[in-house]
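Structure file work-v2.txt (compact mmCIF, N, CA and C atoms) is printed below.
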# COMPACT_ATOMS: atom_id res chain seq x y z
N MET A 1 -57.74 145.39 38.69
CA MET A 1 -58.86 145.02 37.85
C MET A 1 -60.03 144.61 38.75
N PRO A 2 -61.17 145.29 38.63
CA PRO A 2 -62.31 144.97 39.49
C PRO A 2 -62.90 143.60 39.18
N VAL A 3 -63.39 142.98 40.22
CA VAL A 3 -64.03 141.68 40.10
C VAL A 3 -65.52 141.88 40.34
N GLU A 4 -66.33 141.41 39.40
CA GLU A 4 -67.77 141.62 39.47
C GLU A 4 -68.47 140.48 40.22
N PRO A 5 -69.42 140.83 41.09
CA PRO A 5 -70.22 139.80 41.75
C PRO A 5 -71.03 139.01 40.73
N LEU A 6 -71.23 137.73 41.00
CA LEU A 6 -72.07 136.89 40.15
C LEU A 6 -73.53 137.03 40.58
N SER A 7 -74.43 136.86 39.63
CA SER A 7 -75.86 136.87 39.95
C SER A 7 -76.21 135.59 40.70
N GLN A 8 -77.34 135.57 41.34
CA GLN A 8 -77.81 134.38 42.05
C GLN A 8 -77.89 133.19 41.10
N LYS A 9 -78.37 133.40 39.90
CA LYS A 9 -78.49 132.34 38.89
C LYS A 9 -77.10 131.81 38.50
N GLU A 10 -76.16 132.72 38.30
CA GLU A 10 -74.80 132.30 37.95
C GLU A 10 -74.18 131.48 39.08
N VAL A 11 -74.39 131.90 40.32
CA VAL A 11 -73.87 131.15 41.46
C VAL A 11 -74.50 129.76 41.50
N GLU A 12 -75.81 129.68 41.35
CA GLU A 12 -76.51 128.39 41.38
C GLU A 12 -76.01 127.48 40.26
N ASP A 13 -75.83 128.02 39.06
CA ASP A 13 -75.35 127.21 37.93
C ASP A 13 -73.95 126.66 38.20
N ARG A 14 -73.08 127.48 38.73
CA ARG A 14 -71.72 127.04 39.00
C ARG A 14 -71.67 126.04 40.16
N LEU A 15 -72.52 126.25 41.16
CA LEU A 15 -72.56 125.31 42.29
C LEU A 15 -73.00 123.92 41.83
N ALA A 16 -73.85 123.85 40.82
CA ALA A 16 -74.30 122.55 40.31
C ALA A 16 -73.13 121.73 39.78
N GLU A 17 -72.03 122.40 39.43
CA GLU A 17 -70.84 121.72 38.90
C GLU A 17 -69.84 121.36 40.01
N LEU A 18 -70.16 121.72 41.26
CA LEU A 18 -69.25 121.47 42.38
C LEU A 18 -69.97 120.75 43.51
N PRO A 19 -70.22 119.46 43.37
CA PRO A 19 -70.88 118.71 44.45
C PRO A 19 -70.12 118.88 45.77
N GLY A 20 -70.88 119.03 46.84
CA GLY A 20 -70.28 119.20 48.15
C GLY A 20 -70.15 120.65 48.57
N TRP A 21 -70.13 121.54 47.61
CA TRP A 21 -70.05 122.97 47.90
C TRP A 21 -71.47 123.52 47.99
N SER A 22 -71.64 124.54 48.85
CA SER A 22 -72.95 125.19 48.98
C SER A 22 -72.74 126.67 49.27
N LEU A 23 -73.84 127.38 49.23
CA LEU A 23 -73.82 128.81 49.54
C LEU A 23 -74.37 129.00 50.94
N ASP A 24 -73.60 129.64 51.79
CA ASP A 24 -74.05 129.96 53.14
C ASP A 24 -73.99 131.48 53.26
N GLN A 25 -75.14 132.10 53.17
CA GLN A 25 -75.27 133.55 53.12
C GLN A 25 -74.49 134.07 51.92
N ASP A 26 -73.35 134.70 52.12
CA ASP A 26 -72.60 135.30 51.01
C ASP A 26 -71.29 134.57 50.74
N ARG A 27 -71.19 133.30 51.14
CA ARG A 27 -69.93 132.57 50.98
C ARG A 27 -70.15 131.17 50.41
N LEU A 28 -69.21 130.75 49.60
CA LEU A 28 -69.16 129.35 49.18
C LEU A 28 -68.50 128.58 50.32
N VAL A 29 -69.08 127.47 50.70
CA VAL A 29 -68.53 126.71 51.82
C VAL A 29 -68.41 125.23 51.47
N ARG A 30 -67.41 124.60 52.10
CA ARG A 30 -67.20 123.16 51.90
C ARG A 30 -66.35 122.66 53.04
N SER A 31 -66.65 121.48 53.54
CA SER A 31 -65.83 120.80 54.53
C SER A 31 -65.42 119.45 53.98
N TYR A 32 -64.22 119.05 54.32
CA TYR A 32 -63.67 117.76 53.91
C TYR A 32 -63.28 116.98 55.15
N ARG A 33 -63.45 115.67 55.09
CA ARG A 33 -62.98 114.77 56.16
C ARG A 33 -61.79 114.00 55.58
N LEU A 34 -60.76 113.89 56.39
CA LEU A 34 -59.54 113.20 55.97
C LEU A 34 -59.22 112.08 56.94
N GLY A 35 -58.25 111.25 56.59
CA GLY A 35 -57.92 110.07 57.37
C GLY A 35 -57.13 110.34 58.64
N SER A 36 -56.49 111.50 58.72
CA SER A 36 -55.68 111.79 59.90
C SER A 36 -55.46 113.29 60.02
N HIS A 37 -54.95 113.69 61.16
CA HIS A 37 -54.61 115.09 61.37
C HIS A 37 -53.48 115.50 60.42
N PHE A 38 -52.52 114.62 60.24
CA PHE A 38 -51.40 114.92 59.34
C PHE A 38 -51.90 115.17 57.92
N SER A 39 -52.82 114.33 57.43
CA SER A 39 -53.37 114.51 56.09
C SER A 39 -54.13 115.83 55.97
N ALA A 40 -54.88 116.17 57.01
CA ALA A 40 -55.62 117.43 57.00
C ALA A 40 -54.66 118.62 56.98
N THR A 41 -53.60 118.53 57.76
CA THR A 41 -52.62 119.62 57.80
C THR A 41 -51.93 119.77 56.44
N ALA A 42 -51.59 118.67 55.81
CA ALA A 42 -50.96 118.71 54.49
C ALA A 42 -51.90 119.35 53.47
N MET A 43 -53.18 119.03 53.56
CA MET A 43 -54.14 119.63 52.64
C MET A 43 -54.25 121.14 52.86
N VAL A 44 -54.24 121.57 54.11
CA VAL A 44 -54.29 123.01 54.40
C VAL A 44 -53.09 123.72 53.77
N VAL A 45 -51.92 123.14 53.90
CA VAL A 45 -50.72 123.75 53.30
C VAL A 45 -50.87 123.81 51.78
N HIS A 46 -51.38 122.77 51.18
CA HIS A 46 -51.57 122.73 49.74
C HIS A 46 -52.58 123.81 49.31
N ILE A 47 -53.68 123.94 50.04
CA ILE A 47 -54.67 124.97 49.73
C ILE A 47 -54.05 126.36 49.88
N ALA A 48 -53.24 126.57 50.91
CA ALA A 48 -52.58 127.86 51.10
C ALA A 48 -51.68 128.20 49.91
N GLN A 49 -51.03 127.20 49.34
CA GLN A 49 -50.21 127.43 48.15
C GLN A 49 -51.08 127.88 46.98
N VAL A 50 -52.22 127.25 46.79
CA VAL A 50 -53.14 127.63 45.72
C VAL A 50 -53.66 129.05 45.95
N GLN A 51 -54.00 129.35 47.20
CA GLN A 51 -54.47 130.70 47.51
C GLN A 51 -53.42 131.74 47.15
N GLU A 52 -52.17 131.46 47.44
CA GLU A 52 -51.09 132.38 47.08
C GLU A 52 -50.98 132.54 45.57
N GLU A 53 -51.05 131.43 44.84
CA GLU A 53 -50.97 131.49 43.38
C GLU A 53 -52.08 132.35 42.79
N LEU A 54 -53.28 132.22 43.35
CA LEU A 54 -54.43 132.97 42.85
C LEU A 54 -54.55 134.36 43.49
N ASN A 55 -53.72 134.64 44.50
CA ASN A 55 -53.84 135.86 45.29
C ASN A 55 -55.28 136.03 45.76
N HIS A 56 -55.81 134.94 46.30
CA HIS A 56 -57.20 134.91 46.75
C HIS A 56 -57.27 134.04 48.00
N HIS A 57 -57.44 134.68 49.14
CA HIS A 57 -57.32 133.99 50.42
C HIS A 57 -58.69 133.87 51.09
N SER A 58 -59.05 132.65 51.40
CA SER A 58 -60.35 132.37 52.02
C SER A 58 -60.15 132.07 53.50
N ASP A 59 -61.28 131.96 54.21
CA ASP A 59 -61.23 131.45 55.57
C ASP A 59 -60.99 129.95 55.45
N LEU A 60 -59.97 129.48 56.12
CA LEU A 60 -59.54 128.09 56.03
C LEU A 60 -59.37 127.58 57.45
N THR A 61 -60.11 126.51 57.79
CA THR A 61 -60.12 126.01 59.15
C THR A 61 -59.63 124.57 59.18
N LEU A 62 -58.71 124.30 60.09
CA LEU A 62 -58.16 122.96 60.29
C LEU A 62 -58.71 122.39 61.58
N GLY A 63 -59.32 121.22 61.48
CA GLY A 63 -59.74 120.47 62.66
C GLY A 63 -58.86 119.25 62.79
N TYR A 64 -59.19 118.36 63.70
CA TYR A 64 -58.37 117.17 63.90
C TYR A 64 -58.18 116.41 62.59
N ASN A 65 -59.27 116.09 61.92
CA ASN A 65 -59.17 115.41 60.62
C ASN A 65 -60.15 116.03 59.62
N THR A 66 -60.35 117.35 59.75
CA THR A 66 -61.23 118.07 58.84
C THR A 66 -60.58 119.35 58.35
N VAL A 67 -60.99 119.75 57.17
CA VAL A 67 -60.59 121.02 56.58
C VAL A 67 -61.86 121.68 56.07
N SER A 68 -62.07 122.94 56.43
CA SER A 68 -63.25 123.68 55.99
C SER A 68 -62.83 124.99 55.36
N LEU A 69 -63.57 125.38 54.33
CA LEU A 69 -63.34 126.65 53.65
C LEU A 69 -64.62 127.45 53.60
N ALA A 70 -64.47 128.77 53.66
CA ALA A 70 -65.56 129.71 53.43
C ALA A 70 -64.97 130.79 52.53
N VAL A 71 -65.52 130.92 51.32
CA VAL A 71 -64.88 131.71 50.28
C VAL A 71 -65.82 132.81 49.78
N HIS A 72 -65.31 134.02 49.74
CA HIS A 72 -65.98 135.14 49.06
C HIS A 72 -64.91 136.15 48.69
N THR A 73 -65.29 137.16 47.93
CA THR A 73 -64.32 138.12 47.41
C THR A 73 -64.47 139.46 48.11
N HIS A 74 -63.50 139.82 48.91
CA HIS A 74 -63.54 141.08 49.65
C HIS A 74 -63.61 142.28 48.71
N SER A 75 -62.86 142.25 47.61
CA SER A 75 -62.82 143.39 46.69
C SER A 75 -64.12 143.58 45.92
N ALA A 76 -65.03 142.61 46.03
CA ALA A 76 -66.36 142.73 45.40
C ALA A 76 -67.42 142.96 46.47
N GLY A 77 -67.01 143.53 47.59
CA GLY A 77 -67.96 143.81 48.66
C GLY A 77 -68.40 142.58 49.42
N GLY A 78 -67.61 141.52 49.38
CA GLY A 78 -67.96 140.29 50.08
C GLY A 78 -68.89 139.39 49.29
N ALA A 79 -69.09 139.69 48.01
CA ALA A 79 -69.96 138.88 47.15
C ALA A 79 -69.19 137.69 46.60
N VAL A 80 -69.92 136.76 46.01
CA VAL A 80 -69.32 135.60 45.35
C VAL A 80 -69.00 136.00 43.90
N THR A 81 -67.79 135.66 43.48
CA THR A 81 -67.33 136.00 42.13
C THR A 81 -66.75 134.76 41.45
N GLU A 82 -66.37 134.92 40.21
CA GLU A 82 -65.73 133.83 39.47
C GLU A 82 -64.43 133.42 40.15
N LYS A 83 -63.77 134.37 40.79
CA LYS A 83 -62.53 134.08 41.51
C LYS A 83 -62.75 133.02 42.60
N ASP A 84 -63.89 133.10 43.27
CA ASP A 84 -64.22 132.12 44.31
C ASP A 84 -64.41 130.73 43.72
N PHE A 85 -65.06 130.68 42.58
CA PHE A 85 -65.27 129.38 41.94
C PHE A 85 -63.97 128.81 41.40
N GLU A 86 -63.06 129.65 40.95
CA GLU A 86 -61.76 129.15 40.51
C GLU A 86 -61.02 128.51 41.68
N LEU A 87 -61.04 129.15 42.84
CA LEU A 87 -60.41 128.57 44.02
C LEU A 87 -61.10 127.26 44.40
N ALA A 88 -62.42 127.24 44.39
CA ALA A 88 -63.16 126.02 44.74
C ALA A 88 -62.81 124.87 43.78
N ARG A 89 -62.75 125.17 42.49
CA ARG A 89 -62.40 124.12 41.51
C ARG A 89 -60.99 123.59 41.76
N ARG A 90 -60.07 124.48 42.06
CA ARG A 90 -58.70 124.05 42.31
C ARG A 90 -58.62 123.18 43.57
N VAL A 91 -59.36 123.54 44.61
CA VAL A 91 -59.38 122.75 45.84
C VAL A 91 -59.99 121.38 45.56
N GLU A 92 -61.08 121.35 44.80
CA GLU A 92 -61.70 120.07 44.45
C GLU A 92 -60.73 119.17 43.69
N HIS A 93 -59.90 119.77 42.87
CA HIS A 93 -58.93 119.00 42.09
C HIS A 93 -57.84 118.39 42.98
N LEU A 94 -57.42 119.12 44.01
CA LEU A 94 -56.33 118.61 44.86
C LEU A 94 -56.82 117.71 45.98
N ALA A 95 -58.08 117.82 46.37
CA ALA A 95 -58.60 117.08 47.53
C ALA A 95 -58.41 115.56 47.45
N PRO A 96 -58.70 114.92 46.31
CA PRO A 96 -58.53 113.45 46.26
C PRO A 96 -57.09 113.00 46.54
N GLY A 97 -56.12 113.79 46.16
CA GLY A 97 -54.74 113.45 46.41
C GLY A 97 -54.37 113.41 47.89
N HIS A 98 -55.22 114.02 48.71
CA HIS A 98 -55.02 114.00 50.15
C HIS A 98 -55.95 113.01 50.85
N GLY A 99 -56.73 112.30 50.05
CA GLY A 99 -57.66 111.32 50.61
C GLY A 99 -58.90 111.98 51.21
N ALA A 100 -59.18 113.21 50.80
CA ALA A 100 -60.31 113.95 51.36
C ALA A 100 -61.63 113.51 50.72
N HIS A 101 -62.67 113.51 51.53
CA HIS A 101 -64.01 113.24 51.03
C HIS A 101 -65.01 114.05 51.82
Translate this structure into structure tokens?
Amino acid sequence: MPVEPLSQKEVEDRLAELPGWSLDQDRLVRSYRLGSHFSATAMVVHIAQVQEELNHHSDLTLGYNTVSLAVHTHSAGGAVTEKDFELARRVEHLAPGHGAH
């Protein structure tokens, strides 16, 4: 099933509902700071589980106590789609449980 790119207006409207997330060229991006390396690693594993559930894999970077994501949809030519926002919403939902801010 093809995934359609969102218009600039649709992206802006959805971003307004996700504080901390922004658009960097053609990707939704967000970084989180956590209390420890262990917490950051646990969050990465949790995000990887969500990515598997959604069959939507983003660039996911683990730092000492940071986790960063860059999300876009390859099957839509690298554009931002509703699939990207679903992943972002799911990550936002799980982040507080890891102490991320």
Which residues of stretch 77-98 of chain A come within 6 Å of stretch 16-32 of chain A, and what is each one's closest atom pair and distance in Å (one decimal), counting all atoms listed in the file, sorted by chain and residue number, as a tab-separated table?
residue	atom	partner	partner_atom	distance
A:Gly78	C	A:Asp26	C	5.6
A:Ala79	C	A:Asp26	C	5.6
A:Val80	N	A:Asp26	C	5.4
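Atom CA of A:Leu60 lies 15.0 Å from atom CA of A:Leu94.
Going from atom N of A:Leu69 to atom C of A:Gly99 covers 14.5 Å.
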Residues of chain A in strand (DSSP E), written as an NGL selection string: :A and (22-24 or 27-33 or 59-62 or 66-71)
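With only C-alpha atoms as the atoms that count, the residue of A:Asp13, A:Ser7, A:Asp59, A:Val67 with the shortest distance to A:Val44 is A:Val67.
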Between atom CA of A:Phe85 and atom CA of A:Gly63 - distance in Å to one decimal: 23.2 Å
Given 8 Å on each side, where is the centre and what are the edge lengths in Å to one decimal of the axis-aligned box enclosing the listed atoms of stretch 39-50 of chain A, as AutoDock Vina command-line options?
--center_x -52.9 --center_y 121.7 --center_z 51.8 --size_x 21.4 --size_y 30.7 --size_z 28.1
Non-local contacts of A:His46 (8 Å; all atoms listed in the file; under 5 positions in same chain excluded) as JSON, numbers by chain: {"A": [40, 41, 51, 52, 91, 94]}
Residues of chain A in alpha helix (DSSP H), written as a ChimeraX atom specification: /A:8-15,37-54,82-94
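Using only C-alpha atoms, the smallest distance between any of A:Leu34, A:Ala88, A:Ala76, A:Ala42 and A:Leu54 comes from A:Ala88.
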Output file request: chain A, with C-alpha atoms, as a CSV table (one decimal), in the first residue's frame.
chain,number,residue,atom,x,y,z
A,1,MET,CA,0.0,0.0,0.0
A,2,PRO,CA,1.6,3.3,-1.1
A,3,VAL,CA,2.2,6.0,1.5
A,4,GLU,CA,1.6,9.5,0.3
A,5,PRO,CA,3.9,12.5,1.3
A,6,LEU,CA,2.3,15.1,3.4
A,7,SER,CA,2.0,18.7,2.2
A,8,GLN,CA,4.1,21.4,3.9
A,9,LYS,CA,1.0,22.7,5.7
A,10,GLU,CA,0.1,19.2,6.9
A,11,VAL,CA,3.6,18.7,8.3
A,12,GLU,CA,3.5,22.1,10.0
A,13,ASP,CA,0.1,21.4,11.5
A,14,ARG,CA,1.2,18.0,12.9
A,15,LEU,CA,4.5,19.3,14.2
A,16,ALA,CA,2.5,21.9,16.3
A,17,GLU,CA,1.1,18.9,18.2
A,18,LEU,CA,4.6,17.4,18.9
A,19,PRO,CA,6.7,19.9,21.0
A,20,GLY,CA,10.4,19.2,20.7
A,21,TRP,CA,10.1,17.7,17.2
A,22,SER,CA,11.2,19.8,14.2
A,23,LEU,CA,11.7,19.4,10.4
A,24,ASP,CA,15.3,19.3,9.2
A,25,GLN,CA,15.2,19.3,5.5
A,26,ASP,CA,13.1,16.2,4.7
A,27,ARG,CA,13.1,14.5,8.1
A,28,LEU,CA,11.4,14.8,11.4
A,29,VAL,CA,14.0,15.1,14.1
A,30,ARG,CA,14.1,15.0,17.9
A,31,SER,CA,16.8,14.5,20.6
A,32,TYR,CA,16.2,13.4,24.1
A,33,ARG,CA,18.5,13.7,27.2
A,34,LEU,CA,18.3,11.0,29.8
A,35,GLY,CA,19.7,10.5,33.2
A,36,SER,CA,22.3,7.8,32.3
A,37,HIS,CA,23.7,5.7,29.5
A,38,PHE,CA,21.7,2.7,30.7
A,39,SER,CA,18.5,4.7,30.5
A,40,ALA,CA,19.3,5.9,27.0
A,41,THR,CA,20.1,2.4,25.9
A,42,ALA,CA,16.8,1.1,27.3
A,43,MET,CA,15.0,3.8,25.4
A,44,VAL,CA,16.7,2.8,22.2
A,45,VAL,CA,15.6,-0.8,22.6
A,46,HIS,CA,12.1,0.3,23.4
A,47,ILE,CA,12.0,2.5,20.2
A,48,ALA,CA,13.4,-0.4,18.2
A,49,GLN,CA,10.5,-2.5,19.4
A,50,VAL,CA,8.0,0.2,18.2
A,51,GLN,CA,9.8,0.5,14.9
A,52,GLU,CA,9.4,-3.2,14.4
A,53,GLU,CA,5.7,-3.1,15.3
A,54,LEU,CA,5.1,-0.3,12.8
A,55,ASN,CA,7.5,-1.8,10.2
A,56,HIS,CA,9.0,1.7,10.0
A,57,HIS,CA,12.6,2.2,10.8
A,58,SER,CA,14.2,5.5,11.4
A,59,ASP,CA,17.8,6.7,11.9
A,60,LEU,CA,18.3,6.2,15.7
A,61,THR,CA,21.4,7.4,17.4
A,62,LEU,CA,22.6,6.5,20.9
A,63,GLY,CA,24.9,8.8,22.8
A,64,TYR,CA,26.2,8.6,26.3
A,65,ASN,CA,22.9,9.9,27.8
A,66,THR,CA,21.1,11.0,24.6
A,67,VAL,CA,18.9,9.4,22.0
A,68,SER,CA,18.2,11.1,18.7
A,69,LEU,CA,15.9,10.2,15.8
A,70,ALA,CA,15.6,11.3,12.2
A,71,VAL,CA,12.5,10.0,10.6
A,72,HIS,CA,11.2,10.0,7.0
A,73,THR,CA,9.6,7.4,4.7
A,74,HIS,CA,11.8,5.8,2.1
A,75,SER,CA,8.8,4.3,0.2
A,76,ALA,CA,7.5,7.9,-0.3
A,77,GLY,CA,10.8,9.0,-1.9
A,78,GLY,CA,12.2,10.2,1.5
A,79,ALA,CA,9.3,12.5,2.2
A,80,VAL,CA,7.5,13.0,5.5
A,81,THR,CA,4.3,10.9,5.8
A,82,GLU,CA,1.6,10.1,8.4
A,83,LYS,CA,3.7,7.0,9.1
A,84,ASP,CA,6.5,9.3,10.4
A,85,PHE,CA,4.1,11.1,12.7
A,86,GLU,CA,2.7,7.9,14.1
A,87,LEU,CA,6.3,6.8,15.0
A,88,ALA,CA,7.0,10.2,16.6
A,89,ARG,CA,3.8,10.1,18.6
A,90,ARG,CA,4.6,6.6,19.9
A,91,VAL,CA,8.1,7.7,20.9
A,92,GLU,CA,6.7,10.8,22.7
A,93,HIS,CA,4.4,8.5,24.6
A,94,LEU,CA,7.2,6.1,25.8
A,95,ALA,CA,9.8,8.8,26.5
A,96,PRO,CA,8.6,9.9,29.9
A,97,GLY,CA,8.8,6.3,31.1
A,98,HIS,CA,12.5,6.4,30.5
A,99,GLY,CA,13.0,9.8,32.2
A,100,ALA,CA,13.7,11.4,28.8
A,101,HIS,CA,13.3,15.2,28.3
